[in-house]
Each structure stands twice: as structure tokens, then as C-alpha cells.
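This is model_29.txt. It holds compact mmCIF, C-alpha atoms.
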# COMPACT_ATOMS: atom_id res chain seq x y z
CA MET P 9 -1.42 4.43 -23.03
CA ILE P 10 -3.63 2.53 -25.49
CA GLU P 11 -1.21 -0.40 -25.23
CA GLU P 12 -1.51 -0.42 -21.45
CA VAL P 13 -5.30 -0.54 -21.58
CA PHE P 14 -5.18 -3.29 -24.22
CA MET P 15 -2.74 -5.43 -22.23
CA ARG P 16 -4.70 -4.88 -19.05
CA GLU P 17 -8.11 -5.77 -20.40
CA GLN P 18 -7.33 -8.29 -23.16
CA VAL P 19 -4.30 -10.15 -21.78
CA PHE P 20 -3.89 -9.89 -18.03
CA LEU P 21 -7.54 -10.23 -17.08
CA PRO P 22 -8.17 -13.52 -19.02
CA ILE P 23 -4.91 -15.00 -17.74
CA ALA P 24 -5.89 -14.10 -14.16
CA LEU P 25 -9.31 -15.70 -14.70
CA VAL P 26 -7.72 -18.92 -16.02
CA ILE P 27 -5.37 -19.04 -13.03
CA ALA P 28 -8.32 -18.59 -10.68
CA PHE P 29 -10.08 -21.48 -12.43
CA MET P 30 -6.95 -23.62 -12.00
CA ILE P 31 -6.97 -22.80 -8.28
CA LEU P 32 -10.53 -24.15 -8.17
CA LEU P 33 -9.34 -27.35 -9.90
CA CYS P 34 -6.52 -27.78 -7.38
CA LEU P 35 -9.00 -27.19 -4.56
CA TYR P 36 -10.61 -30.49 -5.56
CA ARG P 37 -7.36 -32.30 -4.73
CA ALA P 38 -6.95 -30.28 -1.53
CA ALA P 39 -10.45 -31.14 -0.32
CA LEU P 40 -10.87 -34.76 -1.40
CA GLY P 41 -7.34 -36.03 -1.99
CA PRO P 42 -6.66 -39.29 -0.20
CA GLY P 43 -4.29 -38.81 2.67
CA VAL P 44 -2.75 -35.77 4.28
CA PHE P 45 0.25 -35.55 1.93
CA ASN P 46 -1.91 -35.00 -1.12
CA ARG P 47 -3.67 -32.20 0.70
CA VAL P 48 -0.45 -30.48 1.76
CA ALA P 49 0.94 -30.74 -1.79
CA ALA P 50 -2.26 -29.27 -3.24
CA VAL P 51 -2.19 -26.40 -0.73
CA ASN P 52 1.42 -25.69 -1.70
CA VAL P 53 0.45 -25.60 -5.38
CA ILE P 54 -2.48 -23.28 -4.63
CA GLY P 55 -0.14 -20.96 -2.74
CA THR P 56 2.34 -20.73 -5.58
CA LYS P 57 -0.47 -20.02 -8.05
CA THR P 58 -1.71 -17.29 -5.71
CA ILE P 59 1.67 -15.51 -5.97
CA VAL P 60 1.24 -15.11 -9.74
CA LEU P 61 -2.40 -14.14 -9.29
CA LEU P 62 -1.41 -11.36 -6.87
CA VAL P 63 1.19 -9.97 -9.30
CA LEU P 64 -1.40 -9.99 -12.10
CA ILE P 65 -3.97 -8.27 -9.88
CA GLY P 66 -1.39 -5.56 -9.20
CA TYR P 67 -1.24 -4.80 -12.92
CA ILE P 68 -4.99 -5.13 -13.55
CA PHE P 69 -5.89 -2.62 -10.85
CA ASP P 70 -2.87 -0.39 -11.65
CA ARG P 71 -1.41 -0.65 -8.16
CA PRO P 72 2.23 -1.81 -8.42
CA LEU P 73 2.58 -2.11 -4.64
CA PHE P 74 0.80 -5.48 -4.72
CA PHE P 75 4.21 -7.08 -5.34
CA ASP P 76 5.16 -6.64 -1.70
CA ILE P 77 2.17 -8.76 -0.76
CA SER P 78 3.16 -11.43 -3.28
CA LEU P 79 6.75 -11.54 -1.96
CA LEU P 80 5.45 -11.94 1.59
CA TYR P 81 3.03 -14.62 0.44
CA ALA P 82 5.85 -16.55 -1.25
CA LEU P 83 7.89 -16.53 1.97
CA LEU P 84 4.93 -17.58 4.13
CA ASN P 85 3.92 -20.37 1.74
CA PHE P 86 7.44 -21.81 1.70
CA ILE P 87 7.82 -21.67 5.50
CA GLY P 88 4.40 -23.23 5.99
CA THR P 89 5.13 -26.13 3.66
CA ILE P 90 8.52 -26.82 5.25
CA ALA P 91 7.00 -26.74 8.76
CA PHE P 92 4.20 -29.07 7.69
CA ALA P 93 6.64 -31.54 6.10
CA LYS P 94 8.80 -31.58 9.22
CA TYR P 95 5.79 -32.05 11.48
CA LEU P 96 4.42 -34.92 9.39
CA GLU P 97 7.82 -36.62 9.24
CA ARG P 98 8.88 -36.40 12.89
CA GLY P 99 5.67 -35.74 14.81
CA GLU P 100 7.11 -32.53 16.28
CA ILE P 101 8.22 -29.16 14.98
CA TRP P 102 10.98 -28.28 17.45
CA SER P 103 13.52 -31.09 17.51
CA ARG P 104 15.63 -31.43 20.62
CA MET Y 5 14.60 2.48 -31.05
CA VAL Y 6 11.66 3.19 -28.78
CA GLU Y 7 9.18 2.47 -31.58
CA ILE Y 8 10.89 -0.83 -32.41
CA ILE Y 9 10.62 -1.88 -28.77
CA GLY Y 10 7.01 -0.71 -28.67
CA THR Y 11 6.04 -2.84 -31.67
CA ILE Y 12 8.10 -5.97 -30.92
CA LEU Y 13 7.65 -6.26 -27.20
CA PRO Y 14 3.89 -6.80 -26.65
CA PRO Y 15 3.79 -10.01 -28.78
CA VAL Y 16 6.87 -11.28 -26.94
CA VAL Y 17 5.17 -10.64 -23.59
CA ILE Y 18 1.96 -12.32 -24.76
CA VAL Y 19 3.84 -15.40 -26.05
CA LEU Y 20 5.83 -15.72 -22.80
CA MET Y 21 2.69 -15.52 -20.69
CA ALA Y 22 0.81 -17.96 -22.93
CA VAL Y 23 3.61 -20.53 -22.68
CA GLY Y 24 3.68 -20.08 -18.90
CA LEU Y 25 -0.08 -20.55 -18.74
CA PHE Y 26 0.24 -23.74 -20.78
CA PHE Y 27 2.80 -25.13 -18.35
CA MET Y 28 0.60 -24.24 -15.38
CA LEU Y 29 -2.39 -25.94 -17.02
CA ALA Y 30 -0.28 -29.06 -17.59
CA GLY Y 31 0.75 -29.03 -13.93
CA ALA Y 32 -2.86 -28.70 -12.76
CA ALA Y 33 -3.97 -31.54 -15.05
CA GLY Y 34 -1.15 -33.70 -13.67
CA LEU Y 35 -2.18 -32.90 -10.11
CA LEU Y 36 -5.71 -33.99 -10.88
CA ARG Y 37 -5.12 -37.01 -13.09
CA PHE Y 38 -1.95 -38.85 -12.02
CA PRO Y 39 -2.42 -42.02 -9.96
CA ASP Y 40 -0.46 -41.44 -6.75
CA PHE Y 41 1.27 -38.88 -4.60
CA TYR Y 42 4.79 -39.04 -6.07
CA THR Y 43 3.66 -38.73 -9.67
CA ARG Y 44 1.42 -35.80 -8.75
CA LEU Y 45 4.33 -33.96 -7.18
CA HIS Y 46 6.47 -34.90 -10.18
CA ALA Y 47 3.99 -33.07 -12.37
CA THR Y 48 3.44 -29.97 -10.27
CA GLY Y 49 6.95 -29.43 -8.93
CA LYS Y 50 8.47 -28.72 -12.32
CA CYS Y 51 5.59 -27.44 -14.43
CA ASP Y 52 4.40 -24.91 -11.88
CA THR Y 53 7.88 -23.53 -11.25
CA LEU Y 54 8.62 -22.98 -14.94
CA GLY Y 55 5.16 -21.63 -15.73
CA GLU Y 56 5.15 -19.10 -12.93
CA VAL Y 57 8.67 -17.94 -13.71
CA LEU Y 58 7.72 -17.44 -17.36
CA ILE Y 59 4.61 -15.44 -16.47
CA ILE Y 60 6.50 -13.23 -14.01
CA PHE Y 61 9.31 -12.73 -16.54
CA GLY Y 62 6.78 -11.59 -19.13
CA LEU Y 63 5.34 -9.15 -16.61
CA LEU Y 64 8.86 -7.93 -15.85
CA LEU Y 65 9.50 -7.13 -19.53
CA TYR Y 66 6.09 -5.45 -19.74
CA HIS Y 67 6.77 -3.32 -16.70
CA PHE Y 68 10.31 -2.38 -17.67
CA PHE Y 69 9.63 -1.36 -21.28
CA ILE Y 70 5.95 -0.45 -21.55
CA TYR Y 71 4.53 0.42 -18.15
CA SER Y 72 7.18 2.31 -16.24
CA PRO Y 73 8.61 5.06 -18.58
CA GLY Y 74 7.34 8.36 -17.31
CA ALA Y 75 6.53 7.04 -13.88
CA GLU Y 76 8.07 7.96 -10.56
CA LEU Y 77 11.10 6.17 -9.13
CA SER Y 78 9.26 3.91 -6.70
CA VAL Y 79 7.27 2.49 -9.62
CA LYS Y 80 10.35 2.20 -11.83
CA LEU Y 81 12.16 0.01 -9.32
CA VAL Y 82 9.44 -2.66 -9.17
CA PRO Y 83 11.28 -5.04 -11.64
CA VAL Y 84 13.97 -5.51 -8.98
CA LYS Y 85 11.30 -6.94 -6.71
CA LEU Y 86 10.10 -9.16 -9.55
CA LEU Y 87 13.68 -10.45 -10.01
CA PHE Y 88 13.78 -11.28 -6.29
CA LEU Y 89 10.47 -13.09 -6.69
CA ILE Y 90 11.77 -15.12 -9.67
CA ALA Y 91 14.94 -16.12 -7.80
CA PHE Y 92 12.96 -17.06 -4.71
CA ILE Y 93 10.47 -19.17 -6.66
CA PHE Y 94 13.33 -20.96 -8.45
CA LEU Y 95 14.94 -21.75 -5.10
CA ALA Y 96 11.97 -22.39 -2.85
CA ASN Y 97 9.44 -24.25 -4.97
CA PRO Y 98 11.60 -27.34 -5.75
CA THR Y 99 12.90 -27.27 -2.18
CA ALA Y 100 9.39 -27.43 -0.75
CA THR Y 101 8.48 -30.22 -3.17
CA HIS Y 102 11.56 -32.19 -2.20
CA ALA Y 103 10.93 -31.69 1.53
CA ILE Y 104 7.36 -32.90 1.45
CA MET Y 105 8.25 -35.82 -0.83
CA LYS Y 106 11.04 -36.90 1.53
CA ALA Y 107 8.66 -36.65 4.48
CA ALA Y 108 6.16 -38.88 2.67
CA TYR Y 109 8.87 -41.40 1.75
CA ASN Y 110 10.19 -41.59 5.31
CA THR Y 111 6.74 -42.13 6.78
CA GLY Y 112 6.14 -45.05 4.44
CA VAL Y 113 3.89 -43.93 1.58
CA LYS Y 114 4.30 -46.62 -1.06
CA PRO Y 115 5.01 -45.65 -4.68
CA TRP Y 116 2.46 -46.66 -7.27
CA LYS Y 117 3.31 -49.54 -9.61
CA LYS Y 118 1.71 -50.44 -12.90
CA GLY Y 119 -1.46 -52.42 -12.34
CA ASP Y 120 -2.22 -51.05 -8.87
CA ALA Y 121 -5.37 -49.15 -8.09
CA ARG Y 122 -5.32 -45.35 -7.98
CA MET Y 123 -4.28 -43.95 -4.63
Any chance you could give the structure as C-alpha cells?
Amino acid sequence: MIEEVFMREQVFLPIALVIAFMILLCLYRAALGPGVFNRVAAVNVIGTKTIVLLVLIGYIFDRPLFFDISLLYALLNFIGTIAFAKYLERGEIWSR
Amino acid sequence: MVEIIGTILPPVVIVLMAVGLFFMLAGAAGLLRFPDFYTRLHATGKCDTLGEVLIIFGLLLYHFFIYSPGAELSVKLVPVKLLFLIAFIFLANPTATHAIMKAAYNTGVKPWKKGDARM
């Protein structure tokens, strides 16, 4: 029990804060990056960092059911990036 | 046996998560500092995948050996979900990087050469 409190407050919380700070750094590239491809790549990176942040939040707040949200977020992030890449390459999403 | 696991495992978890955090920091620095689109994706596509998988693997060990004994079954089965998440990240993250890089190459984004300005 003491170990759990130690890990939660001394390990998981600082790592979650550093990941949140890295998301802020990547937001610079997503906002100002030249061209649309840099922006899409930065949004993809932010999404994959958010998956880890959600898992960590599940342990910090002692609610293990946050993992379902992170799984769903991983799927949505991947589908969104693929759809964006296809749209930017061909100019349409549904190819005939 | 349980005491050995209880003393050895928390440093292992902390080292795994610290190494993963280092890789993620390297990926973020590459995304900010490299000169063009392809090199930026070269940095983030590999570093982020490995870093996130290491962090989630450390959390899996933590959950399986420290967190879940004495809990109910729905909490004990969470590491299976974490294994699914690791497998999906290993498959999907390089695939997404490759897809968007191929889209950029086919629409004519030029690669950076030495001596060019930053793009």
C-alpha cells in the first residue's frame, strides 16, 4: 500500500507532467509548422503521447477503466491519420 | 518469492519508464529541431513508438505484480488490455508514419539537402 502511494505520487505524476509539457512543445509544430504535412505529423505525435498520458492518469486517479478510453483513442488517432494522408494524397477520401 | 518481487520490481519499473521518457524527449526535440518534414518524421516515428511501448510495459509490470494482487477480477485482467495496446502501437504508429510520408512524397514535397534553408 505504501509502495502504491509512493509510485503514484513520486513516479507517475512527474512523468505525466513531463509528457504534458512535451505535448505543449509539439503543439508549437502543430500550430506554426510550415505546410499541412508538418501539422498532420505533429497532431499524430500529440495523439500518440495522449494515449500514454491517459494510461498514466488511470493509475494516478486509481481508476483502471481509463485504459478503455486510451484503446479507443489509439484507434481513432490511427484512423484519422490514415484518412488525412489519403485525402492529402488523392484529393478525395472515397476512391472510385 | 513475493518479497523478492516486491523489492526488485519497483526500480525495474522506474528504470523502464525513465528510459521511455528519454526516448520520448528525444523524439519531441527532433520534431522541433530537425530541418524538414522527412527528418522530423524520421525522429518521431521511431523514438515515440519505442518510448511509449517502454512506458506502457513498465506500467504493465507495475499493475501485474504490485497493483492488482487482492483486487477483483475485472481489475486483474487489465494487463491484457495493455498488451493489446502495446501490439496496436507497434503496428499502427509506424504504419501511420509511413502513410503520411508516402502521401507527402507523392504530392511533391522535396527532401532537404545540406546547405538548403530550413523548411
Quiz item: For chain P, which residues have at least one atom within 7 Å of chain Y, if we go by only C-alpha atoms? Write them as a list of chain:residue names, please.
Solution: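 Matching residues, ligands excluded from the count: P:Glu12, P:Met30, P:Cys34, P:Arg37, P:Pro42, P:Phe45, P:Asn46, P:Val60, P:Pro72, P:Leu79, P:Phe86, P:Thr89, P:Ile90, P:Ala93, P:Lys94, P:Leu96, P:Glu97.
With all atoms listed in the file as the atoms that count, the minimum distance from P:Ala82 to the choices P:Trp102, P:Ile68, P:Ile54, P:Tyr95 is reached by P:Ile54.
With distances taken over all atoms listed in the file, Y:Gly24 is the one residue among Y:Pro39, Y:Gly24, Y:Pro15, Y:Pro98 lying closest to Y:Leu54.
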Once N, CA and C atoms are restored for stretch 49-64 of chain P, what would the output be as a tab-separated table (two decimals), in the frame of the given file?
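Written file, out-v1.tsv:
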chain	number	residue	atom	x	y	z
P	49	ALA	N	0.37	-31.06	-0.48
P	49	ALA	CA	0.94	-30.74	-1.79
P	49	ALA	C	0.00	-29.83	-2.58
P	50	ALA	N	-1.31	-30.11	-2.51
P	50	ALA	CA	-2.26	-29.27	-3.24
P	50	ALA	C	-2.31	-27.86	-2.67
P	51	VAL	N	-2.19	-27.75	-1.33
P	51	VAL	CA	-2.19	-26.40	-0.73
P	51	VAL	C	-0.94	-25.63	-1.13
P	52	ASN	N	0.20	-26.34	-1.24
P	52	ASN	CA	1.42	-25.69	-1.70
P	52	ASN	C	1.27	-25.18	-3.13
P	53	VAL	N	0.65	-26.01	-3.98
P	53	VAL	CA	0.45	-25.60	-5.38
P	53	VAL	C	-0.49	-24.40	-5.46
P	54	ILE	N	-1.56	-24.41	-4.64
P	54	ILE	CA	-2.48	-23.28	-4.63
P	54	ILE	C	-1.77	-22.01	-4.19
P	55	GLY	N	-0.87	-22.14	-3.20
P	55	GLY	CA	-0.14	-20.96	-2.74
P	55	GLY	C	0.77	-20.39	-3.80
P	56	THR	N	1.45	-21.27	-4.56
P	56	THR	CA	2.34	-20.73	-5.58
P	56	THR	C	1.56	-20.13	-6.75
P	57	LYS	N	0.35	-20.67	-7.03
P	57	LYS	CA	-0.47	-20.02	-8.05
P	57	LYS	C	-0.97	-18.66	-7.55
P	58	THR	N	-1.21	-18.56	-6.25
P	58	THR	CA	-1.71	-17.29	-5.71
P	58	THR	C	-0.68	-16.17	-5.84
P	59	ILE	N	0.62	-16.53	-5.79
P	59	ILE	CA	1.67	-15.51	-5.97
P	59	ILE	C	1.51	-14.84	-7.34
P	60	VAL	N	1.39	-15.67	-8.38
P	60	VAL	CA	1.24	-15.11	-9.74
P	60	VAL	C	-0.06	-14.32	-9.86
P	61	LEU	N	-1.11	-14.83	-9.22
P	61	LEU	CA	-2.40	-14.14	-9.29
P	61	LEU	C	-2.32	-12.76	-8.64
P	62	LEU	N	-1.56	-12.66	-7.53
P	62	LEU	CA	-1.41	-11.36	-6.87
P	62	LEU	C	-0.64	-10.38	-7.75
P	63	VAL	N	0.42	-10.87	-8.42
P	63	VAL	CA	1.19	-9.97	-9.30
P	63	VAL	C	0.30	-9.47	-10.44
P	64	LEU	N	-0.50	-10.39	-11.01
P	64	LEU	CA	-1.40	-9.99	-12.10
P	64	LEU	C	-2.45	-8.99	-11.62
